[in-house]
Amino acid sequence: MTDTDATHPSSLSPVISVNNLVKYFGRFVALRGVSAVFDAGRMYALIGDNGAGKTTFLRALAGLTKPTRGSISVLGNLDIHSVCRYFGYMAHPSLLYDEMSGVENLRYFSRLYGIRNDQRCAEVIRLVGLDPQLARPVGQYSQGMRQRMSLARVVIHDPKVLLLDEPFSNVDVSSAREIVELLAQMRDSGKTIVVVTHQAQLLEGAADEFVWMREGQIVSRTSDSQSSRREPEER
Amino acid sequence: MSRLAAITGAALAKDLRLEWRSKDAINAMLFFALLVVVIFSFSFNPTAEESRQIAGGLIWVAFLFAAVVALNQTWARELRNQVLDAYRVSPAPASALFLSKALGNFIFVSVLEALMAPLFIIFYSLRALGPTWQLIPVSALGTWAIVVNGTFFAAMSLRTRSREIMLPLLLFPISIPALLATVNATTLILTGEASAKVWIVLLLAYDVVFTTGCLLLFEIVLHAE
């Protein structure tokens, strides 16, 4: 499915609308005319091989990469930066200061969103299954703990849209399932979640839609990870 | 304005905390400045009068070179784990990040100056013949001139492959008017030959122009790919 606008159900309210997005890095084309709609209260798994354009697409949605052509409308606004307070972005790296503790990191990032309530930091750390009393620096955390703390940073300001790049990488299966459960709860509370992952099976039953990308294009959108892995011409 | 101040304060506190824990910038600057002082003191053997004539230049060249060491590290910790992206996706103004970095660097370089000044006085047997109190505004304005441009150009060269070389290449030429004013003002205060007020006013004007320019342009630098 390369253009979703035609099939978009009218009962759902679109949060993100992407129209013919093209991104060049020099002469390399990372995105080739991607069009898609992402609705409120739904979880999307963005899957595809390495180099398919998933991360570039997610960074474009977060406003970190400027598209060469095309447009992205978020909550009806074409200027992404003006609505960035409604976004939570998790990248492959942790986006945390290794030398500071989890609480110190969250306290700093919460200030960027005008939140001055330290209770909120402790609350969010507990939400992701960590201990707010943990004083050691994030650099000494295990990879799984770092991913959880990274997720805490993403949700500190209670965003409407969560853009997550590989949240399960280097996380053991049980921790990954806990994160999926948490994401499902957030989805149920009305948030729109876009997850880039190579572990699509983890989101089976939790994600509402699996969006398969290949060579900078969306090639299919299905309700389970297995059918989305099939080539479009096979179906 | 209060939001800008709050975010600047939070980012500055974070930078001071990180520096307090790692001491990366201050150690590198101190070591470098100390080397310059010792090498210069072995190279020259000036009289008290000659010292007053050359000390302004020596001091400020040492501080400029030492500041570059710290400025190169300013943004390095924002690149680790791509933390800068977390700031870029937040609604926090770019100017708050710039101000916090410039203020942080100002504090680091001022600490260096406070620690190195007694050494300069001892090594070069310095005694000011002009109004000594004027050294305070001169060093404050001169330091700000170095760090405000240095912070900006360090951010600009952040994504270049050889950023350690790019920063002095960009910073030194644009700092020449400020360096000239600072060195001349310091020399005039030390020798007591004439008033340094003209140079201080020039420094103030330089700082106002470049601080405004950097604040206005920093958003483009921050969001550049």
# chains A, B, ... in the order shown; residues from 1 in each chain; ligands from 1
call {"tool": "interface_residues", "arguments": {"of": "chain A", "to": "chain B", "cutoff": "7 Å", "atoms": "only C-alpha atoms", "output": "ChimeraX atom specification"}}
result
/A:62-63,65,84-85,93-97,99,108,111-113
call {"tool": "residues_around", "arguments": {"residues": "stretch 50-57 of chain A", "least_positions_apart": "4", "cutoff": "8 Å", "atoms": "only C-alpha atoms", "output": "PDB file with C-alpha atoms, in the first residue's frame"}}
result
ATOM      1  CA  ALA A  30      16.247   7.452   1.496  1.00  0.00           C
ATOM      2  CA  LEU A  31      12.497   8.055   1.111  1.00  0.00           C
ATOM      3  CA  LEU A  46       7.188   0.114  11.267  1.00  0.00           C
ATOM      4  CA  LEU A  61       8.087  12.658  11.635  1.00  0.00           C
ATOM      5  CA  THR A  65      15.224  15.447   9.312  1.00  0.00           C
ATOM      6  CA  ASP A 165      13.166   3.692  17.249  1.00  0.00           C
ATOM      7  CA  VAL A 196      10.400   1.054  14.424  1.00  0.00           C
ATOM      8  CA  MET A 213       8.842  -0.444   4.349  1.00  0.00           C
ATOM      9  CA  ARG A 214      11.200  -1.326   1.529  1.00  0.00           C
ATOM     10  CA  GLU A 215      13.640   0.860  -0.415  1.00  0.00           C
ATOM     11  CA  GLY A 216      12.235   4.067   0.987  1.00  0.00           C
ATOM     12  CA  GLN A 217       8.591   3.235   0.382  1.00  0.00           C
TER      13      GLN A 217
END
call {"tool": "residues_around", "arguments": {"residues": "stretch 126-140 of chain B", "least_positions_apart": "6", "cutoff": "7 Å", "atoms": "only C-alpha atoms", "output": "mmCIF file with N, CA and C atoms, in the first residue's frame"}}
result
data_model
loop_
_atom_site.group_PDB
_atom_site.id
_atom_site.type_symbol
_atom_site.label_atom_id
_atom_site.label_comp_id
_atom_site.auth_asym_id
_atom_site.auth_seq_id
_atom_site.Cartn_x
_atom_site.Cartn_y
_atom_site.Cartn_z
ATOM 1 N N ALA B 48 60.972 44.385 34.828
ATOM 2 C CA ALA B 48 59.614 44.690 35.291
ATOM 3 C C ALA B 48 58.866 45.550 34.272
ATOM 4 N N SER B 51 57.999 43.488 31.232
ATOM 5 C CA SER B 51 56.901 42.575 31.598
ATOM 6 C C SER B 51 55.552 43.245 31.429
ATOM 7 N N ARG B 52 55.481 44.504 31.901
ATOM 8 C CA ARG B 52 54.206 45.238 31.797
ATOM 9 C C ARG B 52 53.826 45.446 30.335
ATOM 10 N N THR B 182 41.322 43.808 24.039
ATOM 11 C CA THR B 182 41.615 43.268 25.367
ATOM 12 C C THR B 182 43.098 43.423 25.712
ATOM 13 N N ALA B 185 43.940 47.154 26.204
ATOM 14 C CA ALA B 185 43.386 47.649 27.469
ATOM 15 C C ALA B 185 44.216 47.135 28.651
ATOM 16 N N THR B 186 44.556 45.838 28.615
ATOM 17 C CA THR B 186 45.351 45.247 29.711
ATOM 18 C C THR B 186 46.725 45.921 29.805
ATOM 19 N N ILE B 189 46.461 49.407 31.278
ATOM 20 C CA ILE B 189 46.214 49.365 32.736
ATOM 21 C C ILE B 189 47.503 49.000 33.475
ATOM 22 N N LEU B 190 48.257 48.042 32.916
ATOM 23 C CA LEU B 190 49.502 47.614 33.579
ATOM 24 C C LEU B 190 50.568 48.709 33.542
ATOM 25 N N THR B 191 50.689 49.394 32.390
ATOM 26 C CA THR B 191 51.746 50.417 32.265
ATOM 27 C C THR B 191 51.295 51.762 32.815
ATOM 28 N N GLY B 192 49.993 52.010 32.842
ATOM 29 C CA GLY B 192 49.462 53.278 33.323
ATOM 30 C C GLY B 192 49.742 54.443 32.384
ATOM 31 N N ILE B 200 37.787 49.531 26.324
ATOM 32 C CA ILE B 200 36.713 48.840 27.073
ATOM 33 C C ILE B 200 35.363 49.059 26.374
#
call {"tool": "residues_around", "arguments": {"residues": "A:Asp224", "least_positions_apart": "3", "cutoff": "12 Å", "atoms": "only C-alpha atoms", "output": "VMD selection string"}}
result
chain A and resid 44 to 47 200 to 212 220 to 221 227 to 230
call {"tool": "closest_residue", "arguments": {"among": "A:Ser35, A:Gln119, A:Thr68, A:Gln133", "to": "A:Val22", "atoms": "only C-alpha atoms"}}
result
A:Thr68
call {"tool": "decode", "arguments": {"residues": "stretch 59-160 of chain B", "atoms": "C-alpha atoms", "output": "compact mmCIF listing (two decimals), in the first residue's frame"}}
result
# COMPACT_ATOMS: atom_id res chain seq x y z
CA ILE B 59 48.14 36.41 29.15
CA TRP B 60 45.40 36.73 26.56
CA VAL B 61 47.05 34.47 23.99
CA ALA B 62 47.38 31.83 26.72
CA PHE B 63 43.73 32.27 27.75
CA LEU B 64 42.52 32.19 24.14
CA PHE B 65 44.38 28.97 23.35
CA ALA B 66 43.30 27.39 26.63
CA ALA B 67 39.68 28.43 26.02
CA VAL B 68 39.73 26.64 22.65
CA VAL B 69 40.53 23.41 24.47
CA ALA B 70 37.38 23.82 26.59
CA LEU B 71 35.24 25.10 23.72
CA ASN B 72 36.04 22.01 21.67
CA GLN B 73 34.55 19.90 24.46
CA THR B 74 31.45 22.07 24.93
CA TRP B 75 29.32 20.19 22.47
CA ALA B 76 31.13 16.86 22.64
CA ARG B 77 29.00 15.66 25.55
CA GLU B 78 25.85 16.61 23.62
CA LEU B 79 26.95 14.31 20.78
CA ARG B 80 27.45 11.30 23.05
CA ASN B 81 24.23 9.24 22.91
CA GLN B 82 22.90 11.94 20.51
CA VAL B 83 21.51 13.87 23.49
CA LEU B 84 21.30 16.99 21.36
CA ASP B 85 18.40 15.38 19.46
CA ALA B 86 16.39 15.27 22.70
CA TYR B 87 16.79 19.04 22.92
CA ARG B 88 15.99 19.52 19.23
CA VAL B 89 12.65 17.69 19.53
CA SER B 90 11.68 19.66 22.63
CA PRO B 91 9.87 23.02 22.59
CA ALA B 92 12.79 24.64 24.45
CA PRO B 93 14.19 27.68 22.62
CA ALA B 94 17.54 27.30 20.87
CA SER B 95 18.74 30.54 22.44
CA ALA B 96 18.41 29.03 25.94
CA LEU B 97 20.79 26.22 25.01
CA PHE B 98 23.23 28.68 23.47
CA LEU B 99 23.13 31.01 26.46
CA SER B 100 23.65 28.16 28.92
CA LYS B 101 26.66 26.88 26.97
CA ALA B 102 28.17 30.36 26.65
CA LEU B 103 27.62 31.08 30.36
CA GLY B 104 29.10 27.71 31.29
CA ASN B 105 32.19 28.38 29.19
CA PHE B 106 32.41 31.87 30.67
CA ILE B 107 32.48 30.36 34.17
CA PHE B 108 35.10 27.75 33.20
CA VAL B 109 37.40 30.29 31.54
CA SER B 110 36.90 32.77 34.41
CA VAL B 111 37.91 30.08 36.90
CA LEU B 112 40.99 29.39 34.79
CA GLU B 113 41.83 33.11 34.73
CA ALA B 114 41.40 33.41 38.48
CA LEU B 115 43.75 30.47 39.02
CA MET B 116 46.33 31.55 36.45
CA ALA B 117 46.48 35.27 37.25
CA PRO B 118 48.54 34.83 40.46
CA LEU B 119 51.00 32.64 38.55
CA PHE B 120 51.40 35.30 35.86
CA ILE B 121 51.96 37.93 38.55
CA ILE B 122 54.65 35.79 40.21
CA PHE B 123 56.43 34.64 37.04
CA TYR B 124 56.52 38.11 35.46
CA SER B 125 56.75 40.21 38.64
CA LEU B 126 53.71 42.22 37.53
CA ARG B 127 52.42 45.31 39.29
CA ALA B 128 49.83 47.50 37.61
CA LEU B 129 50.62 51.21 37.43
CA GLY B 130 47.12 52.13 36.13
CA PRO B 131 43.70 51.62 37.78
CA THR B 132 43.78 47.90 38.66
CA TRP B 133 40.00 47.61 39.11
CA GLN B 134 39.62 48.15 35.35
CA LEU B 135 41.16 44.72 34.80
CA ILE B 136 37.88 43.23 36.05
CA PRO B 137 35.62 44.63 33.26
CA VAL B 138 38.39 44.03 30.71
CA SER B 139 38.75 40.38 31.62
CA ALA B 140 34.97 39.88 31.87
CA LEU B 141 34.29 41.48 28.47
CA GLY B 142 37.33 39.88 26.84
CA THR B 143 36.40 36.44 28.15
CA TRP B 144 32.79 36.84 27.00
CA ALA B 145 34.02 37.86 23.52
CA ILE B 146 36.04 34.64 23.28
CA VAL B 147 33.36 32.30 24.65
CA VAL B 148 30.35 33.71 22.84
CA ASN B 149 31.96 33.31 19.43
CA GLY B 150 33.72 30.14 20.48
CA THR B 151 30.47 28.52 21.62
CA PHE B 152 28.78 29.48 18.37
CA PHE B 153 31.57 28.29 16.08
CA ALA B 154 32.06 25.12 18.10
CA ALA B 155 28.37 24.35 17.43
CA MET B 156 28.83 25.17 13.76
CA SER B 157 31.81 22.85 13.41
CA LEU B 158 30.07 20.13 15.43
CA ARG B 159 29.17 17.98 12.44
CA THR B 160 32.39 18.51 10.53
